[in-house]
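Structure below is model_16.tsv: TSV, C-alpha atoms.
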```tsv
chain	number	residue	atom	x	y	z
A	1	MET	CA	97.15	150.12	105.78
A	2	LYS	CA	100.07	148.88	103.73
A	3	THR	CA	101.74	147.57	106.88
A	4	ASN	CA	98.61	145.55	107.69
A	5	GLU	CA	98.57	144.04	104.20
A	6	ILE	CA	102.21	143.04	104.50
A	7	ALA	CA	101.55	141.47	107.90
A	8	LEU	CA	98.51	139.63	106.54
A	9	GLU	CA	100.51	138.33	103.59
A	10	ALA	CA	103.30	137.19	105.94
A	11	ASN	CA	100.77	135.33	108.12
A	12	GLN	CA	99.23	133.66	105.07
A	13	SER	CA	102.68	132.59	103.87
A	14	GLN	CA	103.46	131.13	107.29
A	15	GLU	CA	100.16	129.23	107.30
A	16	LEU	CA	100.96	127.78	103.87
A	17	LEU	CA	104.31	126.52	105.16
A	18	GLN	CA	102.71	124.91	108.23
A	19	LYS	CA	99.60	123.51	106.54
A	20	THR	CA	99.42	119.84	105.58
A	21	ALA	CA	99.21	119.80	101.77
A	22	TYR	CA	97.10	116.68	101.28
A	23	SER	CA	96.77	117.15	97.51
A	24	ILE	CA	100.56	117.08	97.19
A	25	LEU	CA	100.89	114.14	99.61
A	26	PHE	CA	98.40	112.04	97.63
A	27	SER	CA	99.98	113.12	94.33
A	28	ILE	CA	103.49	112.13	95.44
A	29	SER	CA	102.04	108.90	96.83
A	30	PHE	CA	100.44	108.14	93.46
A	31	ALA	CA	103.72	108.93	91.69
A	32	HIS	CA	105.45	106.58	94.15
A	33	LEU	CA	102.86	103.91	93.30
A	34	LEU	CA	103.65	104.21	89.58
A	35	ASN	CA	107.41	104.32	90.15
A	36	ASP	CA	107.47	101.22	92.35
A	37	LEU	CA	104.96	99.42	90.11
A	38	LEU	CA	107.52	99.71	87.31
A	39	GLN	CA	110.29	98.49	89.62
A	40	ALA	CA	108.12	95.55	90.75
A	41	VAL	CA	108.04	94.29	87.16
A	42	ILE	CA	111.62	93.06	87.66
A	43	PRO	CA	111.06	90.38	90.35
A	44	ALA	CA	107.60	89.60	88.94
A	45	VAL	CA	109.06	88.41	85.60
A	46	TYR	CA	111.68	86.18	87.26
A	47	PRO	CA	109.75	82.95	86.52
A	48	ILE	CA	109.57	83.94	82.82
A	49	LEU	CA	113.24	84.94	82.63
A	50	LYS	CA	114.33	81.81	84.54
A	51	ASP	CA	112.63	79.56	81.98
A	52	ASP	CA	113.50	81.57	78.84
A	53	PHE	CA	117.18	82.08	79.70
A	54	GLN	CA	117.74	78.95	81.85
A	55	LEU	CA	118.84	81.03	84.84
A	56	SER	CA	119.98	79.64	88.17
A	57	PHE	CA	118.83	81.03	91.52
A	58	THR	CA	122.29	82.59	91.84
A	59	GLN	CA	121.75	84.50	88.60
A	60	ILE	CA	118.28	85.57	89.78
A	61	GLY	CA	119.92	86.88	92.93
A	62	LEU	CA	122.55	88.74	90.87
A	63	ILE	CA	119.82	90.46	88.84
A	64	THR	CA	118.21	91.72	92.05
A	65	PHE	CA	121.61	92.61	93.48
A	66	SER	CA	122.52	94.66	90.38
A	67	TYR	CA	119.23	96.54	90.44
A	68	GLN	CA	119.29	97.15	94.19
A	69	MET	CA	122.93	98.27	94.25
A	70	ALA	CA	122.31	100.74	91.42
A	71	ALA	CA	119.35	102.02	93.42
A	72	SER	CA	121.20	102.11	96.74
A	73	ILE	CA	124.71	103.44	96.10
A	74	LEU	CA	123.59	106.65	94.39
A	75	GLN	CA	120.77	107.58	96.75
A	76	PRO	CA	122.79	109.09	99.65
A	77	PHE	CA	124.86	111.13	97.15
A	78	VAL	CA	121.73	112.35	95.37
A	79	GLY	CA	120.25	113.31	98.74
A	80	PHE	CA	123.47	115.01	99.92
A	81	TYR	CA	123.64	117.05	96.70
A	82	THR	CA	119.97	118.06	96.73
A	83	ASP	CA	120.22	119.14	100.39
A	84	LYS	CA	122.54	121.89	99.16
A	85	HIS	CA	121.03	122.33	95.68
A	86	PRO	CA	117.35	121.26	95.58
A	87	LYS	CA	116.21	120.08	92.15
A	88	PRO	CA	112.42	120.17	91.89
A	89	PHE	CA	112.39	118.50	88.45
A	90	SER	CA	114.92	115.76	89.24
A	91	GLN	CA	112.18	113.13	89.73
A	92	LEU	CA	111.29	113.48	86.04
A	93	TYR	CA	114.86	112.60	85.09
A	94	GLY	CA	114.63	109.54	87.31
A	95	MET	CA	111.46	108.41	85.53
A	96	LEU	CA	113.22	108.74	82.16
A	97	PHE	CA	115.95	106.32	83.32
A	98	THR	CA	113.27	103.90	84.52
A	99	SER	CA	111.46	104.11	81.17
A	100	VAL	CA	114.62	103.26	79.22
A	101	GLY	CA	115.22	100.33	81.58
A	102	ILE	CA	111.71	98.96	81.00
A	103	ILE	CA	112.20	99.16	77.23
A	104	ALA	CA	115.56	97.36	77.50
A	105	LEU	CA	114.05	94.64	79.72
A	106	SER	CA	111.20	93.97	77.28
A	107	TYR	CA	113.70	93.37	74.45
A	108	ALA	CA	116.52	91.73	76.44
A	109	THR	CA	118.06	88.75	74.67
A	110	SER	CA	120.76	87.76	77.16
A	111	PHE	CA	121.52	87.68	80.88
A	112	TYR	CA	123.87	90.67	80.57
A	113	MET	CA	121.27	92.75	78.77
A	114	ILE	CA	118.86	91.98	81.61
A	115	LEU	CA	121.49	93.26	84.05
A	116	LEU	CA	121.88	96.50	82.07
A	117	ALA	CA	118.10	97.00	81.99
A	118	VAL	CA	117.64	96.56	85.74
A	119	ILE	CA	120.60	98.84	86.49
A	120	LEU	CA	118.90	101.61	84.50
A	121	VAL	CA	115.71	101.09	86.51
A	122	GLY	CA	117.80	101.20	89.69
A	123	ILE	CA	119.37	104.53	88.70
A	124	GLY	CA	115.88	105.91	88.12
A	125	SER	CA	114.87	104.80	91.59
A	126	SER	CA	117.95	106.38	93.19
A	127	ILE	CA	117.02	109.76	91.71
A	128	PHE	CA	113.31	109.50	92.52
A	129	HIS	CA	113.26	108.56	96.21
A	130	PRO	CA	115.37	111.18	98.09
A	131	GLU	CA	113.62	114.22	96.61
A	132	SER	CA	110.20	112.58	96.78
A	133	SER	CA	110.69	111.84	100.47
A	134	ARG	CA	111.70	115.47	101.01
A	135	VAL	CA	108.52	116.64	99.24
A	136	SER	CA	106.51	114.42	101.59
A	137	TYR	CA	108.27	115.92	104.63
A	138	LEU	CA	107.74	119.51	103.44
A	139	ALA	CA	104.06	118.87	102.66
A	140	SER	CA	103.42	117.21	106.03
A	141	GLY	CA	102.55	120.35	107.99
A	142	GLY	CA	104.10	118.68	111.05
A	143	LYS	CA	102.23	115.38	110.63
A	144	ARG	CA	105.44	113.65	109.59
A	145	GLY	CA	104.48	110.07	110.38
A	146	LEU	CA	101.17	110.37	108.55
A	147	ALA	CA	102.83	112.04	105.57
A	148	GLN	CA	105.52	109.37	105.34
A	149	SER	CA	102.90	106.62	105.55
A	150	ILE	CA	100.83	108.21	102.77
A	151	PHE	CA	103.96	108.50	100.64
A	152	GLN	CA	105.13	104.96	101.30
A	153	ILE	CA	101.77	103.26	100.91
A	154	GLY	CA	101.84	104.40	97.31
A	155	GLY	CA	105.13	102.60	96.79
A	156	ASN	CA	103.93	99.47	98.56
A	157	ALA	CA	100.69	99.43	96.60
A	158	GLY	CA	102.66	99.75	93.36
A	159	THR	CA	104.94	96.91	94.44
A	160	ALA	CA	101.85	94.76	95.05
A	161	ILE	CA	100.02	95.67	91.84
A	162	GLY	CA	103.05	95.14	89.58
A	163	PRO	CA	103.25	91.33	89.99
A	164	LEU	CA	99.47	91.03	89.57
A	165	LEU	CA	99.58	92.90	86.24
A	166	VAL	CA	102.55	90.82	85.13
A	167	ALA	CA	100.65	87.63	85.99
A	168	LEU	CA	97.60	88.82	84.04
A	169	PHE	CA	99.23	90.28	80.92
A	170	VAL	CA	102.88	89.21	80.60
A	171	VAL	CA	102.97	85.61	81.87
A	172	PRO	CA	100.25	84.35	79.45
A	173	ASN	CA	101.92	86.12	76.50
A	174	SER	CA	105.61	86.97	76.24
A	175	GLN	CA	108.46	89.08	77.60
A	176	GLN	CA	107.78	91.83	75.00
A	177	TYR	CA	104.48	92.67	76.73
A	178	ILE	CA	106.56	94.37	79.45
A	179	LEU	CA	106.72	97.32	77.03
A	180	TRP	CA	103.07	98.17	77.83
A	181	PHE	CA	104.18	99.28	81.29
A	182	LEU	CA	105.56	102.44	79.65
A	183	ILE	CA	102.01	103.81	79.88
A	184	PHE	CA	102.48	104.04	83.66
A	185	ALA	CA	105.78	105.88	83.19
A	186	ILE	CA	104.09	108.52	81.03
A	187	ILE	CA	101.31	109.03	83.61
A	188	ALA	CA	103.95	109.30	86.35
A	189	MET	CA	105.80	112.05	84.47
A	190	MET	CA	102.58	114.05	84.14
A	191	VAL	CA	101.94	113.81	87.90
A	192	LEU	CA	105.56	114.60	88.78
A	193	SER	CA	105.47	117.73	86.62
A	194	ARG	CA	102.66	119.15	88.77
A	195	ILE	CA	104.51	118.24	91.97
A	196	ALA	CA	107.72	119.84	90.68
A	197	PHE	CA	106.06	123.24	90.24
A	198	TRP	CA	104.61	123.09	93.77
A	199	TYR	CA	108.01	122.06	95.15
A	200	ARG	CA	109.73	124.93	93.35
A	201	ASP	CA	107.21	127.49	94.68
A	202	HIS	CA	107.36	126.01	98.20
A	203	LEU	CA	111.16	126.27	98.24
A	204	SER	CA	110.94	129.91	97.16
A	205	LEU	CA	108.45	130.62	99.94
A	206	ARG	CA	110.63	128.94	102.56
A	207	LYS	CA	113.65	130.87	101.34
A	208	SER	CA	111.81	134.19	101.56
A	209	LYS	CA	110.62	133.39	105.11
A	210	LYS	CA	114.08	132.07	106.08
A	211	THR	CA	112.59	129.18	108.06
A	212	GLU	CA	114.91	126.89	110.01
A	213	PRO	CA	114.28	123.15	110.55
A	214	GLU	CA	112.68	122.36	113.91
A	215	ILE	CA	115.03	120.51	116.29
A	216	LEU	CA	113.09	117.89	118.27
A	217	HIS	CA	115.82	116.58	120.58
A	218	ASN	CA	118.82	117.58	122.66
A	219	LEU	CA	120.87	114.44	122.02
A	220	SER	CA	124.65	114.55	121.67
A	221	LYS	CA	126.28	113.89	118.30
A	222	GLY	CA	127.52	110.52	119.56
A	223	LYS	CA	124.03	109.51	120.66
A	224	VAL	CA	122.61	110.57	117.31
A	225	ASN	CA	125.23	108.53	115.43
A	226	LEU	CA	124.58	105.48	117.63
A	227	SER	CA	120.84	105.79	117.00
A	228	ILE	CA	121.41	106.00	113.24
A	229	ALA	CA	123.57	102.85	113.42
A	230	ILE	CA	120.84	100.99	115.33
A	231	LEU	CA	118.22	102.07	112.79
A	232	LEU	CA	120.40	100.85	109.92
A	233	LEU	CA	120.82	97.47	111.61
A	234	LEU	CA	117.03	97.23	111.94
A	235	ILE	CA	116.75	98.09	108.22
A	236	PHE	CA	119.14	95.20	107.54
A	237	SER	CA	116.90	92.79	109.46
A	238	LYS	CA	113.69	94.00	107.83
A	239	PHE	CA	114.84	94.18	104.23
A	240	PHE	CA	116.92	91.01	104.28
A	241	TYR	CA	113.76	89.15	105.27
A	242	THR	CA	111.63	91.12	102.80
A	243	ALA	CA	114.07	90.10	100.04
A	244	SER	CA	113.34	86.46	100.75
A	245	MET	CA	109.64	87.16	100.19
A	246	SER	CA	109.73	89.49	97.18
A	247	SER	CA	112.32	87.50	95.20
A	248	TYR	CA	111.71	83.87	96.20
A	249	PHE	CA	108.24	83.50	97.70
A	250	THR	CA	106.74	82.44	94.35
A	251	PHE	CA	109.46	79.80	93.90
A	252	TYR	CA	108.93	78.61	97.48
A	253	LEU	CA	105.20	78.13	96.90
A	254	MET	CA	105.75	76.42	93.53
A	255	ASP	CA	108.38	74.10	95.00
A	256	LYS	CA	106.67	73.18	98.28
A	257	PHE	CA	102.98	73.21	97.28
A	258	HIS	CA	103.24	72.72	93.48
A	259	VAL	CA	101.02	75.70	92.66
A	260	SER	CA	101.00	77.40	89.22
A	261	VAL	CA	102.93	80.59	88.44
A	262	GLN	CA	99.69	82.61	88.45
A	263	ASP	CA	98.61	81.20	91.84
A	264	ALA	CA	102.05	81.91	93.30
A	265	GLN	CA	101.93	85.48	91.97
A	266	PHE	CA	98.51	85.92	93.55
A	267	HIS	CA	99.89	84.86	96.94
A	268	LEU	CA	102.77	87.32	96.44
A	269	PHE	CA	100.20	90.02	95.65
A	270	LEU	CA	98.38	89.32	98.94
A	271	PHE	CA	101.66	89.57	100.87
A	272	LEU	CA	102.59	92.84	99.16
A	273	MET	CA	99.14	94.33	99.78
A	274	SER	CA	99.50	93.48	103.46
A	275	VAL	CA	102.83	95.33	103.36
A	276	ALA	CA	100.98	98.36	101.98
A	277	ALA	CA	98.41	98.15	104.79
A	278	GLY	CA	101.13	97.95	107.45
A	279	THR	CA	102.90	100.94	105.97
A	280	LEU	CA	99.74	103.03	106.29
A	281	LEU	CA	99.51	102.14	109.99
A	282	GLY	CA	103.14	102.67	110.96
A	283	GLY	CA	103.40	106.44	110.52
A	284	PRO	CA	100.25	107.57	112.38
A	285	LEU	CA	100.90	105.08	115.20
A	286	GLY	CA	104.40	106.55	115.52
A	287	ASP	CA	102.92	110.06	115.71
A	288	LYS	CA	100.54	108.94	118.47
A	289	PHE	CA	102.53	106.51	120.62
A	290	GLY	CA	106.16	107.30	119.81
A	291	ARG	CA	108.26	105.99	116.95
A	292	LYS	CA	110.55	103.91	119.16
A	293	TYR	CA	107.69	101.70	120.35
A	294	VAL	CA	106.31	101.19	116.84
A	295	ILE	CA	109.79	100.24	115.58
A	296	TRP	CA	110.36	97.83	118.44
A	297	PHE	CA	106.97	96.14	118.09
A	298	SER	CA	107.22	95.92	114.30
A	299	VAL	CA	110.68	94.39	113.88
A	300	LEU	CA	110.64	92.13	116.95
A	301	GLY	CA	106.90	91.39	117.09
A	302	VAL	CA	106.92	89.68	113.72
A	303	ALA	CA	109.37	86.97	114.91
A	304	PRO	CA	106.80	84.38	116.13
A	305	PHE	CA	105.09	84.44	112.73
A	306	THR	CA	108.29	84.14	110.69
A	307	LEU	CA	109.33	81.19	112.85
A	308	LEU	CA	106.00	79.44	112.16
A	309	LEU	CA	105.93	80.08	108.39
A	310	PRO	CA	108.23	77.22	107.22
A	311	PHE	CA	106.04	74.65	109.02
A	312	ALA	CA	102.64	75.85	107.75
A	313	ASP	CA	100.41	74.34	105.04
A	314	LEU	CA	99.38	76.38	101.97
A	315	PHE	CA	96.43	78.14	103.63
A	316	TRP	CA	98.36	79.12	106.73
A	317	THR	CA	101.41	80.06	104.67
A	318	GLY	CA	99.23	82.63	102.90
A	319	ALA	CA	97.66	83.83	106.17
A	320	LEU	CA	101.00	84.07	107.99
A	321	SER	CA	102.62	85.90	105.07
A	322	MET	CA	99.90	88.58	105.30
A	323	ILE	CA	100.34	88.96	109.07
A	324	ILE	CA	104.10	89.21	108.58
A	325	GLY	CA	103.62	91.83	105.87
A	326	VAL	CA	101.40	94.05	108.03
A	327	ILE	CA	103.59	93.94	111.15
A	328	LEU	CA	107.00	94.13	109.48
A	329	SER	CA	106.16	96.98	107.10
A	330	SER	CA	104.84	99.26	109.84
A	331	ALA	CA	108.46	99.83	110.90
A	332	PHE	CA	109.81	101.70	107.88
A	333	PRO	CA	107.74	104.93	108.09
A	334	ALA	CA	108.57	105.18	111.79
A	335	ILE	CA	112.27	104.44	111.17
A	336	LEU	CA	112.59	107.01	108.38
A	337	VAL	CA	110.78	109.81	110.22
A	338	TYR	CA	112.75	109.00	113.39
A	339	ALA	CA	115.98	109.37	111.38
A	340	GLN	CA	114.76	112.63	109.79
A	341	GLU	CA	114.00	114.03	113.24
A	342	LEU	CA	117.48	113.06	114.42
A	343	LEU	CA	119.03	115.03	111.52
A	344	PRO	CA	116.42	117.59	110.39
A	345	LYS	CA	118.96	119.71	108.48
A	346	LYS	CA	119.94	116.79	106.24
A	347	LEU	CA	116.60	115.49	104.99
A	348	GLY	CA	117.81	114.49	101.53
A	349	MET	CA	120.92	112.71	102.76
A	350	VAL	CA	119.00	110.86	105.49
A	351	SER	CA	116.25	109.80	103.09
A	352	GLY	CA	118.80	108.74	100.48
A	353	LEU	CA	120.88	106.86	103.06
A	354	PHE	CA	117.93	104.89	104.43
A	355	TYR	CA	116.24	104.18	101.10
A	356	GLY	CA	119.62	103.34	99.62
A	357	PHE	CA	120.58	101.06	102.49
A	358	ALA	CA	117.16	99.41	102.32
A	359	PHE	CA	117.59	98.71	98.59
A	360	GLY	CA	121.17	97.59	99.15
A	361	MET	CA	120.19	95.12	101.87
A	362	GLY	CA	117.38	93.84	99.68
A	363	GLY	CA	119.81	93.30	96.81
A	364	LEU	CA	122.50	91.71	98.96
A	365	GLY	CA	119.87	89.51	100.58
A	366	SER	CA	118.56	88.33	97.22
A	367	ALA	CA	122.05	87.49	95.96
A	368	LEU	CA	123.12	85.59	99.08
A	369	LEU	CA	119.79	83.82	99.49
A	370	GLY	CA	119.79	82.80	95.83
A	371	TYR	CA	123.25	81.29	96.25
A	372	LEU	CA	122.08	79.53	99.43
A	373	ALA	CA	118.97	78.18	97.65
A	374	ASP	CA	121.10	76.73	94.84
A	375	HIS	CA	123.33	74.91	97.33
A	376	THR	CA	120.63	73.78	99.77
A	377	SER	CA	116.94	74.31	99.01
A	378	ILE	CA	114.46	77.15	98.81
A	379	THR	CA	112.72	75.78	101.93
A	380	PHE	CA	115.97	75.91	103.89
A	381	VAL	CA	116.25	79.62	103.05
A	382	TYR	CA	112.99	80.30	104.87
A	383	HIS	CA	114.12	78.32	107.92
A	384	ILE	CA	117.23	80.54	108.17
A	385	CYS	CA	115.47	83.86	107.48
A	386	ALA	CA	112.87	83.15	110.17
A	387	PHE	CA	115.39	84.23	112.85
A	388	LEU	CA	116.24	87.64	111.33
A	389	PRO	CA	113.52	89.62	113.16
A	390	LEU	CA	115.10	88.73	116.50
A	391	ILE	CA	117.66	91.46	115.71
A	392	GLY	CA	114.82	93.84	116.63
A	393	LEU	CA	115.83	93.46	120.29
A	394	ILE	CA	118.39	96.25	119.80
A	395	ALA	CA	115.54	98.78	119.31
A	396	TYR	CA	115.43	98.86	123.12
A	397	PHE	CA	118.53	101.10	123.05
A	398	LEU	CA	116.93	103.84	120.91
A	399	PRO	CA	116.30	107.07	122.87
A	400	ASN	CA	112.82	108.63	122.96
A	401	ILE	CA	112.83	111.82	120.90
A	402	LYS	CA	111.00	114.66	122.61
A	403	LYS	CA	110.92	118.39	122.06
A	404	LYS	CA	113.37	120.51	124.01
```
Before we go any further, please render this structure as structure tokens.
Amino acid sequence: MKTNEIALEANQSQELLQKTAYSILFSISFAHLLNDLLQAVIPAVYPILKDDFQLSFTQIGLITFSYQMAASILQPFVGFYTDKHPKPFSQLYGMLFTSVGIIALSYATSFYMILLAVILVGIGSSIFHPESSRVSYLASGGKRGLAQSIFQIGGNAGTAIGPLLVALFVVPNSQQYILWFLIFAIIAMMVLSRIAFWYRDHLSLRKSKKTEPEILHNLSKGKVNLSIAILLLLIFSKFFYTASMSSYFTFYLMDKFHVSVQDAQFHLFLFLMSVAAGTLLGGPLGDKFGRKYVIWFSVLGVAPFTLLLPFADLFWTGALSMIIGVILSSAFPAILVYAQELLPKKLGMVSGLFYGFAFGMGGLGSALLGYLADHTSITFVYHICAFLPLIGLIAYFLPNIKKK
């Protein structure tokens, strides 16, 4: 009798490990929404900071570069460390750094204080993302693409909502109104506390069952490394172009079509919401048709629309930006899960590397494009960036991952 009970308990434990934990997936997605909403405050207040502190486009680019580098450099190291020593409550520490950064940004009185504030927010991001991505993977129950899409759509939705809230509440008032965003940080910490307890219990269960990561390929180490390099180059293409939209799209619209700050922010919101929609599609499509084909279509397929964008009127600029957002963003869930399946024993390091590289390319792109805009024009920047998606041709050389 006792043997049967032990066997039943073992079967139940195995089912828990293999079951898709939707409550955790939606909770971590909501936490991602709040985290990225707070990060999105930074580019959303650029028009205010540019006027108040008389900043150049180069300085705007340096602000983004500082934030993105703080977010990118630490992430692979955080992921590498937590692969060996998982820290279920580390996301709470990340949110504390973000909160201090938001407070500093609301009271910043100089360019250098702005840099310090965004660096603190970047550190918070570098702690949040690797472990959160691991939670998503563990809660997936094998539906890795779907889980990654659910996780990432939260971040994309937060990135879209942030500028809208800034346009509604900060732009008409003053920089100090940024402080109200601390409410979202407090809510995020409450949600992350619940997730941390589940994560801790799940890790204990996995340890007791001594489960090993499932290997989904028989590729050589050299082939794996080449595939990782190709994926990183695709990340460069995607996030360099995305940087031109998130940091400078409002300025482009104001300069070319003479719209107000609020109208420009609304167009940015539509672009970012289309990014969220594309993210939701990318993971499940990768599960169904193969991640390689989704990656190839997403990065290369957006090229005709980016090439048309600089020549469009206001209406078609808005429409094309939404099409670009949907297609381009569908790549990242597929890219990240593809990379995790290449190196399933190094989930934290892989997640940290790809999120970190994505942030780093976004920051580098903002800095270089800001410098280019100062020395040419903001319109010229979009003519140059239109060719970036053509790099997607190299996705042809990615192998198809199949089970042994």
In terms of the shortest atom-to-atom distance over only C-alpha atoms, which of A:Val261, A:Ile73, A:Val135, A:Ala334 is closest to Phe289 in chain A?
A:Ala334
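Between Ile401 in chain A and the residues A:Val224, A:His375, A:Val299, A:Thr317, the shortest atom-to-atom distance, using all atoms listed in the file, involves A:Val224.
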Which neighbours of Asp255 in chain A fall inside 10 Å, counting only C-alpha atoms, when residues of the same chain fewer than 4 positions from it are skipped, and could you give them as a PyMOL selection string?
chain A and resi 249-251+259-260+377-379
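Restricting the calculation to only C-alpha atoms, the smallest distance between Gln262 in chain A and any of A:Met95, A:Val121, A:Ala108, A:Leu165 is found for A:Leu165.
Across the structure, CA of Asn225 in chain A and CA of Leu364 in chain A are spaced 23.7 Å apart.
Of the residues under consideration (A:Leu62, A:Met245, A:Ile183, A:Ile123), A:Met245 shows the shortest atom-to-atom contact distance to Ala44 in chain A when counting all atoms listed in the file.
If only C-alpha atoms are the atoms counted, then among A:Ser27, A:Ser330, A:Thr306, A:Ser237 the closest residue to Val294 in chain A is A:Ser330.
Separating CA of Leu168 in chain A from CA of Ser99 in chain A is a distance of 20.8 Å.
Contact shell of Ile178 in chain A at 9 Å (only C-alpha atoms; same-chain neighbours under 5 positions omitted): Val41, Val45, Ile102, Ile103, Leu105, Ser106, Tyr107, Val166, Phe169 and Val170 of chain A.
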Please provide the set of residues having any atom within 12 Å of Tyr112 in chain A, restricted to all atoms listed in the file, with same-chain residues fewer than 3 positions apart removed, written as a PyMOL selection string.
chain A and resi 53+55+59-60+62-63+66+104-105+108-109+115-119
Write the selection just made, keeping C-alpha atoms, as a CSV table (one decimal), in the coordinates of the input?
```csv
chain,number,residue,atom,x,y,z
A,53,PHE,CA,117.2,82.1,79.7
A,55,LEU,CA,118.8,81.0,84.8
A,59,GLN,CA,121.8,84.5,88.6
A,60,ILE,CA,118.3,85.6,89.8
A,62,LEU,CA,122.6,88.7,90.9
A,63,ILE,CA,119.8,90.5,88.8
A,66,SER,CA,122.5,94.7,90.4
A,104,ALA,CA,115.6,97.4,77.5
A,105,LEU,CA,114.0,94.6,79.7
A,108,ALA,CA,116.5,91.7,76.4
A,109,THR,CA,118.1,88.8,74.7
A,115,LEU,CA,121.5,93.3,84.0
A,116,LEU,CA,121.9,96.5,82.1
A,117,ALA,CA,118.1,97.0,82.0
A,118,VAL,CA,117.6,96.6,85.7
A,119,ILE,CA,120.6,98.8,86.5
```
Within 12 Å of range 266-283 of chain A, which residues of range 14-64 of chain A show up? Give each one with its shortest atom-to-atom distance in Å (one decimal) and the two atoms involved, counting only C-alpha atoms, rows by chain then rising residue number, as JSON lines.
```
{"residue": "A:Ser29", "atom": "CA", "partner": "A:Leu280", "partner_atom": "CA", "distance": 11.4}
{"residue": "A:Leu33", "atom": "CA", "partner": "A:Ala276", "partner_atom": "CA", "distance": 10.5}
{"residue": "A:Asp36", "atom": "CA", "partner": "A:Leu272", "partner_atom": "CA", "distance": 11.8}
{"residue": "A:Leu37", "atom": "CA", "partner": "A:Leu272", "partner_atom": "CA", "distance": 11.4}
{"residue": "A:Ala40", "atom": "CA", "partner": "A:Leu272", "partner_atom": "CA", "distance": 10.4}
{"residue": "A:Pro43", "atom": "CA", "partner": "A:Leu268", "partner_atom": "CA", "distance": 10.7}
{"residue": "A:Ala44", "atom": "CA", "partner": "A:Leu268", "partner_atom": "CA", "distance": 9.2}
```
N, CA and C atoms modelled onto range 276-291 of chain A, as a PDB file, in the coordinates of the input:
```pdb
ATOM      1  N   ALA A 276     101.528  97.022 102.183  1.00  0.00           N
ATOM      2  CA  ALA A 276     100.980  98.360 101.980  1.00  0.00           C
ATOM      3  C   ALA A 276     100.103  98.775 103.161  1.00  0.00           C
ATOM      4  N   ALA A 277      99.293  97.846 103.655  1.00  0.00           N
ATOM      5  CA  ALA A 277      98.410  98.150 104.790  1.00  0.00           C
ATOM      6  C   ALA A 277      99.227  98.470 106.040  1.00  0.00           C
ATOM      7  N   GLY A 278     100.274  97.698 106.284  1.00  0.00           N
ATOM      8  CA  GLY A 278     101.130  97.950 107.450  1.00  0.00           C
ATOM      9  C   GLY A 278     101.835  99.280 107.366  1.00  0.00           C
ATOM     10  N   THR A 279     102.238  99.654 106.170  1.00  0.00           N
ATOM     11  CA  THR A 279     102.900 100.940 105.970  1.00  0.00           C
ATOM     12  C   THR A 279     101.983 102.094 106.331  1.00  0.00           C
ATOM     13  N   LEU A 280     100.708 101.974 105.974  1.00  0.00           N
ATOM     14  CA  LEU A 280      99.740 103.030 106.290  1.00  0.00           C
ATOM     15  C   LEU A 280      99.572 103.183 107.792  1.00  0.00           C
ATOM     16  N   LEU A 281      99.694 102.090 108.539  1.00  0.00           N
ATOM     17  CA  LEU A 281      99.510 102.140 109.990  1.00  0.00           C
ATOM     18  C   LEU A 281     100.728 102.683 110.726  1.00  0.00           C
ATOM     19  N   GLY A 282     101.922 102.385 110.213  1.00  0.00           N
ATOM     20  CA  GLY A 282     103.140 102.670 110.960  1.00  0.00           C
ATOM     21  C   GLY A 282     103.367 104.137 111.281  1.00  0.00           C
ATOM     22  N   GLY A 283     103.145 105.016 110.305  1.00  0.00           N
ATOM     23  CA  GLY A 283     103.400 106.440 110.520  1.00  0.00           C
ATOM     24  C   GLY A 283     102.484 107.074 111.551  1.00  0.00           C
ATOM     25  N   PRO A 284     101.147 106.974 111.384  1.00  0.00           N
ATOM     26  CA  PRO A 284     100.250 107.570 112.380  1.00  0.00           C
ATOM     27  C   PRO A 284     100.417 106.986 113.784  1.00  0.00           C
ATOM     28  N   LEU A 285     100.673 105.677 113.886  1.00  0.00           N
ATOM     29  CA  LEU A 285     100.900 105.080 115.200  1.00  0.00           C
ATOM     30  C   LEU A 285     102.164 105.658 115.844  1.00  0.00           C
ATOM     31  N   GLY A 286     103.178 105.920 115.008  1.00  0.00           N
ATOM     32  CA  GLY A 286     104.400 106.550 115.520  1.00  0.00           C
ATOM     33  C   GLY A 286     104.143 107.957 116.006  1.00  0.00           C
ATOM     34  N   ASP A 287     103.298 108.712 115.271  1.00  0.00           N
ATOM     35  CA  ASP A 287     102.920 110.060 115.710  1.00  0.00           C
ATOM     36  C   ASP A 287     102.222 110.019 117.065  1.00  0.00           C
ATOM     37  N   LYS A 288     101.393 108.998 117.263  1.00  0.00           N
ATOM     38  CA  LYS A 288     100.540 108.940 118.470  1.00  0.00           C
ATOM     39  C   LYS A 288     101.272 108.353 119.680  1.00  0.00           C
ATOM     40  N   PHE A 289     101.972 107.234 119.484  1.00  0.00           N
ATOM     41  CA  PHE A 289     102.530 106.510 120.620  1.00  0.00           C
ATOM     42  C   PHE A 289     104.050 106.656 120.771  1.00  0.00           C
ATOM     43  N   GLY A 290     104.702 107.210 119.772  1.00  0.00           N
ATOM     44  CA  GLY A 290     106.160 107.300 119.810  1.00  0.00           C
ATOM     45  C   GLY A 290     106.772 106.330 118.822  1.00  0.00           C
ATOM     46  N   ARG A 291     107.711 106.807 118.039  1.00  0.00           N
ATOM     47  CA  ARG A 291     108.260 105.990 116.950  1.00  0.00           C
ATOM     48  C   ARG A 291     109.078 104.802 117.463  1.00  0.00           C
TER      49      ARG A 291
END
```
